file work-v7.txt (compact mmCIF, C-alpha atoms)
# COMPACT_ATOMS: atom_id res chain seq x y z
CA MET A 1 -119.44 -79.84 -111.03
CA LYS A 2 -116.86 -81.71 -113.08
CA PHE A 3 -114.12 -79.78 -111.30
CA LYS A 4 -115.51 -80.82 -107.92
CA LYS A 5 -115.52 -84.49 -108.96
CA ILE A 6 -111.88 -84.32 -109.96
CA ILE A 7 -110.93 -82.75 -106.65
CA ILE A 8 -112.84 -85.37 -104.67
CA SER A 9 -111.33 -88.30 -106.57
CA ALA A 10 -107.87 -86.75 -106.22
CA LEU A 11 -108.42 -86.42 -102.48
CA ILE A 12 -109.58 -90.03 -102.18
CA LEU A 13 -106.52 -91.20 -104.12
CA LEU A 14 -104.27 -89.12 -101.90
CA ILE A 15 -105.80 -90.56 -98.74
CA ILE A 16 -105.44 -94.12 -100.04
CA GLY A 17 -101.86 -93.37 -101.06
CA LEU A 18 -101.01 -91.93 -97.67
CA PHE A 19 -102.64 -94.88 -95.94
CA VAL A 20 -100.67 -97.40 -98.03
CA ALA A 21 -97.43 -95.49 -97.47
CA TYR A 22 -98.09 -95.36 -93.73
CA LYS A 23 -98.87 -99.09 -93.65
CA MET A 24 -95.67 -99.86 -95.54
CA TYR A 25 -93.60 -97.62 -93.28
CA ASN A 26 -94.99 -99.43 -90.24
CA LYS A 27 -94.83 -102.90 -91.74
CA PRO A 28 -94.41 -105.27 -88.79
CA HIS A 29 -91.46 -107.59 -88.26
CA VAL A 30 -91.92 -111.26 -89.09
CA ASN A 31 -93.45 -113.05 -86.14
CA VAL A 32 -91.45 -116.28 -85.98
CA ALA A 33 -93.98 -118.04 -83.72
CA ASP A 34 -96.77 -117.63 -86.30
CA GLU A 35 -94.75 -118.53 -89.39
CA LYS A 36 -93.90 -121.95 -90.70
CA ALA A 37 -90.22 -122.83 -90.94
CA THR A 38 -88.74 -122.87 -94.46
CA VAL A 39 -86.40 -125.74 -93.60
CA SER A 40 -86.14 -128.16 -90.74
CA LEU A 41 -82.86 -129.94 -89.98
CA SER A 42 -80.51 -131.12 -87.25
CA ALA A 43 -77.95 -128.89 -85.54
CA ALA A 44 -75.10 -131.02 -86.90
CA LYS A 45 -76.37 -130.77 -90.50
CA LEU A 46 -76.86 -126.99 -90.26
CA LEU A 47 -73.28 -126.50 -89.04
CA GLN A 48 -71.93 -128.90 -91.67
CA ASP A 49 -73.63 -126.95 -94.46
CA PHE A 50 -72.07 -123.70 -93.25
CA SER A 51 -68.59 -125.09 -92.64
CA THR A 52 -68.33 -126.87 -95.99
CA ASP A 53 -69.63 -124.06 -98.19
CA GLU A 54 -70.51 -120.83 -96.44
CA ALA A 55 -71.55 -118.92 -99.56
CA THR A 56 -74.11 -121.54 -100.60
CA ALA A 57 -75.37 -121.88 -97.03
CA ASN A 58 -75.75 -118.10 -96.83
CA ALA A 59 -77.87 -118.13 -99.97
CA ASP A 60 -79.93 -121.06 -98.68
CA TYR A 61 -80.51 -120.05 -95.09
CA LEU A 62 -79.98 -116.33 -94.42
CA GLU A 63 -83.08 -114.42 -93.32
CA LYS A 64 -85.12 -117.63 -93.52
CA ILE A 65 -86.97 -119.22 -90.65
CA ILE A 66 -85.11 -122.38 -89.76
CA GLN A 67 -86.23 -125.15 -87.46
CA VAL A 68 -83.29 -126.86 -85.83
CA LYS A 69 -83.16 -129.96 -83.64
CA GLY A 70 -80.36 -130.77 -81.25
CA ILE A 71 -79.08 -131.35 -77.74
CA VAL A 72 -78.78 -128.38 -75.39
CA ALA A 73 -75.13 -127.66 -74.54
CA GLU A 74 -75.87 -124.51 -72.55
CA ALA A 75 -78.80 -122.27 -71.65
CA LYS A 76 -78.16 -118.86 -70.15
CA VAL A 77 -79.47 -115.32 -69.91
CA GLU A 78 -77.24 -112.43 -70.96
CA ASN A 79 -78.41 -108.81 -70.94
CA ASN A 80 -81.96 -110.07 -70.29
CA LYS A 81 -81.89 -112.22 -73.40
CA GLY A 82 -81.97 -115.99 -73.37
CA ILE A 83 -79.32 -117.83 -75.36
CA VAL A 84 -79.54 -121.57 -76.03
CA THR A 85 -76.45 -123.31 -77.41
CA LEU A 86 -76.91 -126.56 -79.35
CA GLU A 87 -74.33 -129.32 -79.65
CA THR A 88 -73.15 -130.14 -83.15
CA GLY A 89 -70.54 -132.82 -82.58
CA ASP A 90 -67.84 -130.21 -83.24
CA ASP A 91 -65.73 -129.09 -80.26
CA PHE A 92 -65.70 -125.41 -81.10
CA ALA A 93 -68.66 -124.62 -83.31
CA THR A 94 -72.25 -124.71 -82.09
CA ILE A 95 -75.65 -123.35 -83.05
CA LEU A 96 -76.31 -120.18 -81.06
CA CYS A 97 -80.03 -119.55 -80.64
CA HIS A 98 -80.98 -116.14 -79.28
CA LEU A 99 -84.51 -116.32 -77.88
CA THR A 100 -87.24 -113.71 -78.21
CA VAL A 101 -88.06 -111.60 -75.16
CA GLU A 102 -91.22 -113.66 -74.49
CA GLU A 103 -89.45 -117.00 -74.91
CA THR A 104 -86.67 -115.95 -72.55
CA LYS A 105 -89.22 -116.28 -69.71
CA ASN A 106 -89.28 -120.03 -70.39
CA ILE A 107 -85.49 -120.45 -70.23
CA ASN A 108 -85.71 -122.18 -66.84
CA THR A 109 -87.61 -125.08 -68.40
CA ILE A 110 -84.61 -125.85 -70.63
CA LYS A 111 -82.13 -128.34 -69.19
CA VAL A 112 -78.60 -129.01 -70.42
CA GLY A 113 -78.48 -132.33 -72.29
CA GLN A 114 -82.14 -132.42 -73.26
CA ASN A 115 -83.36 -132.73 -76.82
CA ILE A 116 -84.89 -129.55 -78.13
CA SER A 117 -86.36 -128.14 -81.28
CA LEU A 118 -86.28 -124.40 -81.93
CA LYS A 119 -87.12 -122.15 -84.83
CA GLY A 120 -85.60 -118.78 -85.56
CA ILE A 121 -84.18 -116.52 -88.26
CA CYS A 122 -80.69 -117.40 -89.45
CA THR A 123 -78.35 -114.38 -89.68
CA GLY A 124 -75.10 -116.14 -90.56
CA PHE A 125 -71.97 -117.98 -89.47
CA LEU A 126 -69.11 -116.65 -87.35
CA MET A 127 -67.59 -119.26 -85.04
CA ASP A 128 -71.11 -120.61 -84.68
CA VAL A 129 -74.26 -120.52 -86.75
CA VAL A 130 -76.41 -117.70 -85.36
CA LEU A 131 -80.21 -117.82 -85.14
CA VAL A 132 -82.17 -114.86 -83.75
CA LYS A 133 -85.75 -114.38 -82.53
CA CYS A 134 -85.95 -118.06 -81.63
CA VAL A 135 -88.99 -119.77 -80.14
CA ILE A 136 -89.13 -123.28 -78.68
CA THR A 137 -91.26 -125.63 -80.77
CA ASN A 138 -91.41 -128.73 -78.59
CA MET B 1 -33.96 -137.84 -76.72
CA LYS B 2 -33.49 -135.11 -74.15
CA ASN B 3 -33.85 -132.51 -76.90
CA LEU B 4 -37.11 -134.06 -77.96
CA TYR B 5 -38.44 -133.71 -74.43
CA ILE B 6 -37.42 -130.07 -74.36
CA VAL B 7 -39.11 -129.43 -77.69
CA CYS B 8 -42.26 -131.18 -76.52
CA PHE B 9 -42.23 -129.26 -73.26
CA CYS B 10 -41.79 -125.92 -75.04
CA PHE B 11 -44.57 -126.77 -77.45
CA LEU B 12 -46.87 -127.68 -74.59
CA ALA B 13 -45.95 -124.55 -72.66
CA VAL B 14 -46.71 -122.36 -75.68
CA CYS B 15 -50.03 -124.12 -76.22
CA LEU B 16 -51.01 -123.71 -72.59
CA THR B 17 -50.11 -120.05 -72.32
CA ASN B 18 -51.86 -119.32 -75.62
CA ALA B 19 -54.98 -121.06 -74.40
CA GLN B 20 -54.98 -119.00 -71.23
CA GLU B 21 -54.44 -115.72 -72.93
CA ARG B 22 -57.46 -115.63 -75.17
CA TYR B 23 -60.64 -113.89 -74.19
CA LEU B 24 -63.79 -114.05 -76.21
CA THR B 25 -67.44 -113.11 -76.42
CA LYS B 26 -70.03 -114.45 -78.81
CA SER B 27 -72.71 -112.07 -77.65
CA GLY B 28 -71.01 -108.70 -77.92
CA GLU B 29 -73.28 -105.74 -78.55
CA ILE B 30 -72.97 -103.12 -81.25
CA THR B 31 -75.58 -100.43 -81.73
CA PHE B 32 -75.65 -97.65 -84.23
CA PHE B 33 -77.55 -94.45 -84.23
CA SER B 34 -78.35 -92.05 -87.02
CA GLU B 35 -79.72 -88.70 -85.99
CA SER B 36 -81.46 -86.53 -88.55
CA PRO B 37 -84.11 -83.81 -88.53
CA LEU B 38 -86.75 -86.17 -89.96
CA GLU B 39 -86.23 -89.36 -88.01
CA ASN B 40 -83.80 -91.12 -85.71
CA ILE B 41 -82.75 -94.61 -86.69
CA ALA B 42 -81.24 -97.09 -84.28
CA ALA B 43 -80.24 -100.70 -84.69
CA LYS B 44 -78.77 -103.26 -82.35
CA ASN B 45 -76.68 -106.36 -82.94
CA SER B 46 -76.26 -108.69 -79.93
CA GLN B 47 -74.39 -111.49 -81.67
CA VAL B 48 -71.00 -109.92 -82.26
CA LEU B 49 -67.97 -112.18 -82.01
CA SER B 50 -64.95 -110.48 -80.45
CA ILE B 51 -61.67 -112.10 -79.51
CA VAL B 52 -58.87 -110.52 -77.48
CA ASP B 53 -55.47 -112.15 -77.72
CA ALA B 54 -53.63 -110.99 -74.60
CA GLY B 55 -50.35 -112.52 -75.74
CA LYS B 56 -50.30 -110.66 -79.04
CA LYS B 57 -52.20 -107.66 -77.62
CA GLN B 58 -54.59 -107.81 -80.52
CA MET B 59 -58.31 -108.04 -81.03
CA ALA B 60 -60.49 -109.36 -83.83
CA ILE B 61 -64.19 -108.66 -84.28
CA SER B 62 -66.68 -110.22 -86.68
CA ILE B 63 -70.15 -108.81 -87.24
CA LEU B 64 -73.07 -110.30 -89.14
CA MET B 65 -74.85 -107.49 -90.97
CA LYS B 66 -78.17 -109.33 -90.93
CA SER B 67 -78.03 -109.47 -87.14
CA PHE B 68 -78.76 -105.75 -86.86
CA MET B 69 -82.31 -105.41 -85.53
CA PHE B 70 -84.25 -102.26 -86.28
CA GLU B 71 -87.39 -100.90 -84.73
CA LYS B 72 -89.15 -100.94 -88.10
CA ALA B 73 -89.04 -103.90 -90.47
CA LEU B 74 -88.88 -101.58 -93.48
CA MET B 75 -85.72 -99.87 -92.19
CA GLN B 76 -84.09 -103.26 -91.68
CA GLU B 77 -85.04 -104.26 -95.23
CA HIS B 78 -83.61 -101.07 -96.73
CA PHE B 79 -80.44 -101.36 -94.64
CA ASN B 80 -79.78 -104.91 -95.83
CA GLU B 81 -80.91 -104.62 -99.43
CA ASN B 82 -79.97 -101.10 -100.47
CA TYR B 83 -77.32 -99.68 -98.17
CA VAL B 84 -74.92 -102.34 -96.90
CA GLU B 85 -75.96 -105.00 -99.46
CA SER B 86 -75.67 -107.76 -96.89
CA ASP B 87 -76.27 -110.54 -99.42
CA LYS B 88 -73.05 -109.51 -101.14
CA TYR B 89 -71.19 -108.45 -97.99
CA PRO B 90 -72.65 -110.51 -95.12
CA LYS B 91 -69.97 -109.58 -92.59
CA ALA B 92 -68.13 -106.59 -91.26
CA THR B 93 -64.81 -107.16 -89.56
CA PHE B 94 -62.30 -105.29 -87.45
CA ARG B 95 -58.79 -106.45 -86.68
CA GLY B 96 -56.33 -104.39 -84.72
CA ALA B 97 -53.67 -103.97 -82.10
CA ILE B 98 -54.52 -102.72 -78.63
CA LEU B 99 -51.85 -100.05 -78.30
CA ASN B 100 -51.60 -99.72 -74.54
CA PHE B 101 -52.83 -103.16 -73.56
CA ASP B 102 -50.49 -103.47 -70.56
CA THR B 103 -52.06 -100.47 -68.85
CA ILE B 104 -55.44 -102.19 -68.49
CA THR B 105 -56.28 -102.68 -64.81
CA ASP B 106 -59.32 -103.42 -62.69
CA LYS B 107 -60.28 -99.77 -63.05
CA GLU B 108 -61.56 -98.33 -66.31
CA THR B 109 -58.59 -97.53 -68.49
CA LYS B 110 -58.57 -95.57 -71.73
CA VAL B 111 -57.10 -97.62 -74.55
CA GLU B 112 -56.67 -97.15 -78.26
CA VAL B 113 -57.15 -99.89 -80.79
CA LYS B 114 -55.48 -99.33 -84.13
CA GLY B 115 -56.59 -101.52 -86.97
CA LYS B 116 -58.55 -102.12 -90.10
CA LEU B 117 -62.32 -101.87 -90.28
CA THR B 118 -64.06 -103.55 -93.21
CA ILE B 119 -67.68 -102.72 -94.01
CA HIS B 120 -69.44 -103.15 -97.35
CA GLY B 121 -66.25 -104.57 -98.86
CA ILE B 122 -64.25 -101.41 -98.13
CA THR B 123 -61.35 -101.45 -95.67
CA LYS B 124 -60.31 -98.37 -93.70
CA GLU B 125 -57.48 -97.85 -91.26
CA MET B 126 -58.90 -96.57 -87.96
CA VAL B 127 -57.91 -95.78 -84.41
CA ILE B 128 -60.79 -96.48 -82.05
CA LYS B 129 -60.83 -95.25 -78.47
CA ALA B 130 -62.27 -97.55 -75.85
CA LEU B 131 -62.64 -97.94 -72.11
CA ALA B 132 -61.22 -101.24 -70.95
CA VAL B 133 -61.36 -102.94 -67.59
CA LYS B 134 -60.04 -106.31 -66.46
CA LYS B 135 -62.15 -107.66 -63.65
CA ASP B 136 -62.86 -111.18 -62.35
CA ASN B 137 -60.71 -112.55 -65.15
CA ALA B 138 -62.91 -110.93 -67.81
CA ILE B 139 -61.92 -108.10 -70.14
CA VAL B 140 -64.71 -105.63 -70.77
CA MET B 141 -64.30 -103.09 -73.55
CA GLN B 142 -66.75 -100.38 -74.45
CA GLY B 143 -66.87 -97.13 -76.31
CA ASP B 144 -68.24 -95.35 -79.32
CA PHE B 145 -67.01 -93.73 -82.50
CA PHE B 146 -68.34 -92.24 -85.69
CA ILE B 147 -68.14 -93.61 -89.19
CA THR B 148 -68.79 -91.69 -92.38
CA LEU B 149 -71.06 -93.58 -94.77
CA SER B 150 -69.36 -92.28 -97.91
CA ASP B 151 -66.02 -93.70 -96.67
CA PHE B 152 -67.50 -97.16 -97.11
CA ASN B 153 -69.26 -96.44 -100.41
CA VAL B 154 -72.71 -96.64 -98.84
CA ASP B 155 -74.94 -94.68 -101.21
CA ILE B 156 -77.93 -92.90 -99.79
CA PRO B 157 -80.45 -91.92 -102.49
CA SER B 158 -81.18 -88.19 -102.53
CA VAL B 159 -84.88 -88.83 -101.74
CA VAL B 160 -84.04 -90.07 -98.26
CA GLU B 161 -80.91 -87.97 -97.78
CA LYS B 162 -82.57 -85.96 -95.04
CA ASN B 163 -83.65 -89.11 -93.16
CA ILE B 164 -80.19 -90.54 -92.67
CA ALA B 165 -77.18 -88.92 -91.03
CA LYS B 166 -73.94 -88.82 -93.00
CA GLU B 167 -72.04 -89.75 -89.89
CA ILE B 168 -73.29 -92.71 -87.92
CA LYS B 169 -72.56 -93.16 -84.24
CA VAL B 170 -71.44 -96.70 -83.45
CA SER B 171 -71.36 -97.93 -79.84
CA PHE B 172 -69.92 -101.20 -78.67
CA ASN B 173 -69.85 -103.24 -75.49
CA PHE B 174 -67.90 -106.50 -75.29
CA ASN B 175 -67.63 -108.67 -72.21
CA HIS B 176 -64.77 -111.03 -73.05
CA GLN B 177 -64.54 -114.21 -70.99
CA PRO B 178 -61.46 -116.45 -70.81
CA PHE B 179 -61.54 -118.98 -73.63
CA LYS B 180 -61.64 -122.54 -72.37
CA LYS B 181 -61.14 -125.87 -74.17
call {"tool": "encode", "arguments": {"input": "work-v7.txt", "output": "structure tokens"}}
result
Amino acid sequence: MKFKKIIISALILLIIGLFVAYKMYNKPHVNVADEKATVSLSAAKLLQDFSTDEATANADYLEKIIQVKGIVAEAKVENNKGIVTLETGDDFATILCHLTVEETKNINTIKVGQNISLKGICTGFLMDVVLVKCVITN
Amino acid sequence: MKNLYIVCFCFLAVCLTNAQERYLTKSGEITFFSESPLENIAAKNSQVLSIVDAGKKQMAISILMKSFMFEKALMQEHFNENYVESDKYPKATFRGAILNFDTITDKETKVEVKGKLTIHGITKEMVIKALAVKKDNAIVMQGDFFITLSDFNVDIPSVVEKNIAKEIKVSFNFNHQPFKK
């Protein structure tokens, strides 16, 4: 009887363990649309932070959800993915916002020169500051 | 005075030709694929910066490690935190010379790019084969190659050794447009 109890509790533990492991393995990606942005700032300020001190900006912004406001310099679709470029006041560097698949459907509503606010995950700075999985917030 | 004009003219000419001879993409694609008996892992980066300098016959590529998107969030987390340590090494770079640049035509041409690949803080000399084509004033380069994880000091714990291939297939596709401004 005691032996049976041990087996049953061991089995229950095993099932719970497997379930937790399975849940962890299939942990979903962050859904940017549902999450609140960690920081909200202008396109010019975001670029300035990266160009003055990239290491600090990396620590502050990478993998965080960032809401950025700016003027649309370009909106295009490449390989079925929408890309919105924001003006920063700098001739060469911009904020490159790669839209999610769902948001790409709304790319036609974006006009060059309009004010826009987007949020997305910051992955770093090359020539431009790159945000991925962006959604439009206004 | 005349000399000054000549100097100015030469300077301008150099600037102009340089400006015309650069091609660039900010949305180049790199995917990698690890095949193992237990699971296949793939990740895609669509934000690669690649610049071709036609004058110098060179190319330079910069890759943000955190821009690699995986199917599973957990894989992406492990990749960034444990394997490539992207907080410490946020970028991978490649710089090299396109050996037979002048042979590139409007038909697909095999080229070799010899240069230095830096991942995870380790730099390796590599020759990468690619197919290049120059069409409508754009230079498209694509191809694939293998990298060995241990070459770049990427440690795979023995627990997950069977889940991750020792050699990773890397594919790239860059559509370089003429650089304006």
call {"tool": "residues_around", "arguments": {"input": "work-v7.txt", "residues": "Pro28 in chain A", "least_positions_apart": "4", "cutoff": "9 Å", "atoms": "only C-alpha atoms", "output": "list in words"}}
result
Met24 of chain A; Lys72, Ala73 and Leu74 of chain B
call {"tool": "closest_residue", "arguments": {"input": "work-v7.txt", "among": "A:Val39, A:Ile95, A:Ile116, A:Val30", "to": "chain B", "atoms": "only C-alpha atoms"}}
result
A:Val30
call {"tool": "atom_distance", "arguments": {"input": "work-v7.txt", "atom1": "CA of Asp144 in chain B", "atom2": "CA of Ala60 in chain B"}}
result
16.6 Å
call {"tool": "closest_residue", "arguments": {"input": "work-v7.txt", "among": "B:Met59, B:Ala42, B:Val84, B:Val48", "to": "Ile156 in chain B", "atoms": "all atoms listed in the file"}}
result
B:Val84
call {"tool": "interface_residues", "arguments": {"input": "work-v7.txt", "of": "chain A", "to": "chain B", "cutoff": "10 Å", "atoms": "only C-alpha atoms", "output": "PyMOL selection string"}}
result
chain A and resi 24-30+55+58-59+62-63+78-79+81+83+91-92+96-98+121-128+130-132
call {"tool": "residues_near_point", "arguments": {"input": "work-v7.txt", "point": "(-86.8, -85.1, -97.4)", "cutoff": "12 Å", "atoms": "all atoms listed in the file", "output": "list in words"}}
result
Ser36, Pro37, Leu38, Glu39, Pro157, Ser158, Val159, Val160, Glu161, Lys162, Asn163 and Ile164 of chain B
call {"tool": "closest_residue", "arguments": {"input": "work-v7.txt", "among": "B:Ala130, B:Leu24, B:Ala43, B:Met141", "to": "Lys169 in chain B", "atoms": "only C-alpha atoms"}}
result
B:Ala43
call {"tool": "closest_residue", "arguments": {"input": "work-v7.txt", "among": "B:Lys134, B:Val170, B:Phe94, B:Lys56", "to": "Lys116 in chain B", "atoms": "all atoms listed in the file"}}
result
B:Phe94
call {"tool": "atom_distance", "arguments": {"input": "work-v7.txt", "atom1": "CA of Ala165 in chain B", "atom2": "CA of Ile122 in chain B"}}
result
19.3 Å
call {"tool": "decode", "arguments": {"input": "work-v7.txt", "residues": "range 1-12 of chain A", "atoms": "all heavy atoms", "output": "PDB file, in the first residue's frame"}}
result
ATOM      1  N   MET A   1       0.835  -1.202   0.000  1.00  0.00           N
ATOM      2  CA  MET A   1       0.000   0.000   0.000  1.00  0.00           C
ATOM      3  C   MET A   1       0.871   1.254   0.000  1.00  0.00           C
ATOM      4  O   MET A   1       0.666   2.157  -0.802  1.00  0.00           O
ATOM      5  CB  MET A   1      -0.898  -0.016   1.253  1.00  0.00           C
ATOM      6  CG  MET A   1      -2.085   0.936   1.137  1.00  0.00           C
ATOM      7  SD  MET A   1      -3.048   0.585  -0.341  1.00  0.00           S
ATOM      8  CE  MET A   1      -3.946   2.099  -0.504  1.00  0.00           C
ATOM      9  N   LYS A   2       1.883   1.232   0.869  1.00  0.00           N
ATOM     10  CA  LYS A   2       2.802   2.365   0.951  1.00  0.00           C
ATOM     11  C   LYS A   2       3.574   2.511  -0.369  1.00  0.00           C
ATOM     12  O   LYS A   2       3.746   3.610  -0.890  1.00  0.00           O
ATOM     13  CB  LYS A   2       3.779   2.121   2.111  1.00  0.00           C
ATOM     14  CG  LYS A   2       4.416   3.401   2.624  1.00  0.00           C
ATOM     15  CD  LYS A   2       5.364   3.071   3.758  1.00  0.00           C
ATOM     16  CE  LYS A   2       6.230   4.267   4.065  1.00  0.00           C
ATOM     17  NZ  LYS A   2       7.345   3.900   4.936  1.00  0.00           N
ATOM     18  N   PHE A   3       3.958   1.338  -0.904  1.00  0.00           N
ATOM     19  CA  PHE A   3       4.705   1.276  -2.142  1.00  0.00           C
ATOM     20  C   PHE A   3       3.897   1.913  -3.287  1.00  0.00           C
ATOM     21  O   PHE A   3       4.396   2.691  -4.082  1.00  0.00           O
ATOM     22  CB  PHE A   3       5.017  -0.201  -2.443  1.00  0.00           C
ATOM     23  CG  PHE A   3       5.841  -0.381  -3.678  1.00  0.00           C
ATOM     24  CD1 PHE A   3       7.149   0.082  -3.720  1.00  0.00           C
ATOM     25  CD2 PHE A   3       5.315  -1.012  -4.798  1.00  0.00           C
ATOM     26  CE1 PHE A   3       7.905  -0.083  -4.857  1.00  0.00           C
ATOM     27  CE2 PHE A   3       6.067  -1.174  -5.939  1.00  0.00           C
ATOM     28  CZ  PHE A   3       7.366  -0.722  -5.970  1.00  0.00           C
ATOM     29  N   LYS A   4       2.601   1.574  -3.297  1.00  0.00           N
ATOM     30  CA  LYS A   4       1.711   2.084  -4.334  1.00  0.00           C
ATOM     31  C   LYS A   4       1.640   3.626  -4.265  1.00  0.00           C
ATOM     32  O   LYS A   4       1.670   4.304  -5.287  1.00  0.00           O
ATOM     33  CB  LYS A   4       0.321   1.494  -4.121  1.00  0.00           C
ATOM     34  CG  LYS A   4      -0.439   1.273  -5.416  1.00  0.00           C
ATOM     35  CD  LYS A   4      -1.748   0.572  -5.125  1.00  0.00           C
ATOM     36  CE  LYS A   4      -2.571   0.436  -6.382  1.00  0.00           C
ATOM     37  NZ  LYS A   4      -3.870  -0.210  -6.033  1.00  0.00           N
ATOM     38  N   LYS A   5       1.532   4.126  -3.030  1.00  0.00           N
ATOM     39  CA  LYS A   5       1.438   5.582  -2.835  1.00  0.00           C
ATOM     40  C   LYS A   5       2.669   6.290  -3.397  1.00  0.00           C
ATOM     41  O   LYS A   5       2.559   7.324  -4.061  1.00  0.00           O
ATOM     42  CB  LYS A   5       1.317   5.907  -1.340  1.00  0.00           C
ATOM     43  CG  LYS A   5      -0.097   6.173  -0.917  1.00  0.00           C
ATOM     44  CD  LYS A   5      -0.118   6.655   0.498  1.00  0.00           C
ATOM     45  CE  LYS A   5      -1.557   6.813   0.969  1.00  0.00           C
ATOM     46  NZ  LYS A   5      -1.615   6.902   2.428  1.00  0.00           N
ATOM     47  N   ILE A   6       3.833   5.677  -3.116  1.00  0.00           N
ATOM     48  CA  ILE A   6       5.079   6.293  -3.605  1.00  0.00           C
ATOM     49  C   ILE A   6       5.075   6.349  -5.124  1.00  0.00           C
ATOM     50  O   ILE A   6       5.379   7.376  -5.731  1.00  0.00           O
ATOM     51  CB  ILE A   6       6.311   5.503  -3.078  1.00  0.00           C
ATOM     52  CG1 ILE A   6       6.425   5.692  -1.566  1.00  0.00           C
ATOM     53  CG2 ILE A   6       7.597   5.973  -3.764  1.00  0.00           C
ATOM     54  CD1 ILE A   6       7.441   4.799  -0.914  1.00  0.00           C
ATOM     55  N   ILE A   7       4.661   5.220  -5.723  1.00  0.00           N
ATOM     56  CA  ILE A   7       4.648   5.171  -7.186  1.00  0.00           C
ATOM     57  C   ILE A   7       3.709   6.230  -7.755  1.00  0.00           C
ATOM     58  O   ILE A   7       4.066   6.968  -8.687  1.00  0.00           O
ATOM     59  CB  ILE A   7       4.205   3.765  -7.678  1.00  0.00           C
ATOM     60  CG1 ILE A   7       5.246   2.753  -7.266  1.00  0.00           C
ATOM     61  CG2 ILE A   7       3.948   3.789  -9.193  1.00  0.00           C
ATOM     62  CD1 ILE A   7       5.775   1.871  -8.338  1.00  0.00           C
ATOM     63  N   ILE A   8       2.522   6.346  -7.158  1.00  0.00           N
ATOM     64  CA  ILE A   8       1.549   7.309  -7.671  1.00  0.00           C
ATOM     65  C   ILE A   8       2.071   8.729  -7.541  1.00  0.00           C
ATOM     66  O   ILE A   8       2.018   9.515  -8.506  1.00  0.00           O
ATOM     67  CB  ILE A   8       0.186   7.159  -6.939  1.00  0.00           C
ATOM     68  CG1 ILE A   8      -0.482   5.864  -7.420  1.00  0.00           C
ATOM     69  CG2 ILE A   8      -0.734   8.353  -7.218  1.00  0.00           C
ATOM     70  CD1 ILE A   8      -1.698   5.480  -6.648  1.00  0.00           C
ATOM     71  N   SER A   9       2.638   9.065  -6.359  1.00  0.00           N
ATOM     72  CA  SER A   9       3.145  10.438  -6.205  1.00  0.00           C
ATOM     73  C   SER A   9       4.312  10.708  -7.140  1.00  0.00           C
ATOM     74  O   SER A   9       4.436  11.796  -7.705  1.00  0.00           O
ATOM     75  CB  SER A   9       3.521  10.731  -4.751  1.00  0.00           C
ATOM     76  OG  SER A   9       4.220   9.643  -4.217  1.00  0.00           O
ATOM     77  N   ALA A  10       5.146   9.663  -7.362  1.00  0.00           N
ATOM     78  CA  ALA A  10       6.266   9.837  -8.297  1.00  0.00           C
ATOM     79  C   ALA A  10       5.742  10.106  -9.695  1.00  0.00           C
ATOM     80  O   ALA A  10       6.248  10.975 -10.413  1.00  0.00           O
ATOM     81  CB  ALA A  10       7.151   8.592  -8.293  1.00  0.00           C
ATOM     82  N   LEU A  11       4.690   9.370 -10.068  1.00  0.00           N
ATOM     83  CA  LEU A  11       4.104   9.543 -11.399  1.00  0.00           C
ATOM     84  C   LEU A  11       3.538  10.948 -11.569  1.00  0.00           C
ATOM     85  O   LEU A  11       3.742  11.595 -12.595  1.00  0.00           O
ATOM     86  CB  LEU A  11       2.981   8.517 -11.613  1.00  0.00           C
ATOM     87  CG  LEU A  11       3.399   7.240 -12.352  1.00  0.00           C
ATOM     88  CD1 LEU A  11       2.238   6.275 -12.443  1.00  0.00           C
ATOM     89  CD2 LEU A  11       3.941   7.571 -13.743  1.00  0.00           C
ATOM     90  N   ILE A  12       2.816  11.409 -10.503  1.00  0.00           N
ATOM     91  CA  ILE A  12       2.232  12.752 -10.571  1.00  0.00           C
ATOM     92  C   ILE A  12       3.330  13.801 -10.740  1.00  0.00           C
ATOM     93  O   ILE A  12       3.249  14.681 -11.605  1.00  0.00           O
ATOM     94  CB  ILE A  12       1.378  13.046  -9.311  1.00  0.00           C
ATOM     95  CG1 ILE A  12       0.125  12.177  -9.351  1.00  0.00           C
ATOM     96  CG2 ILE A  12       0.993  14.522  -9.235  1.00  0.00           C
ATOM     97  CD1 ILE A  12      -0.690  12.192  -8.082  1.00  0.00           C
TER      98      ILE A  12
END
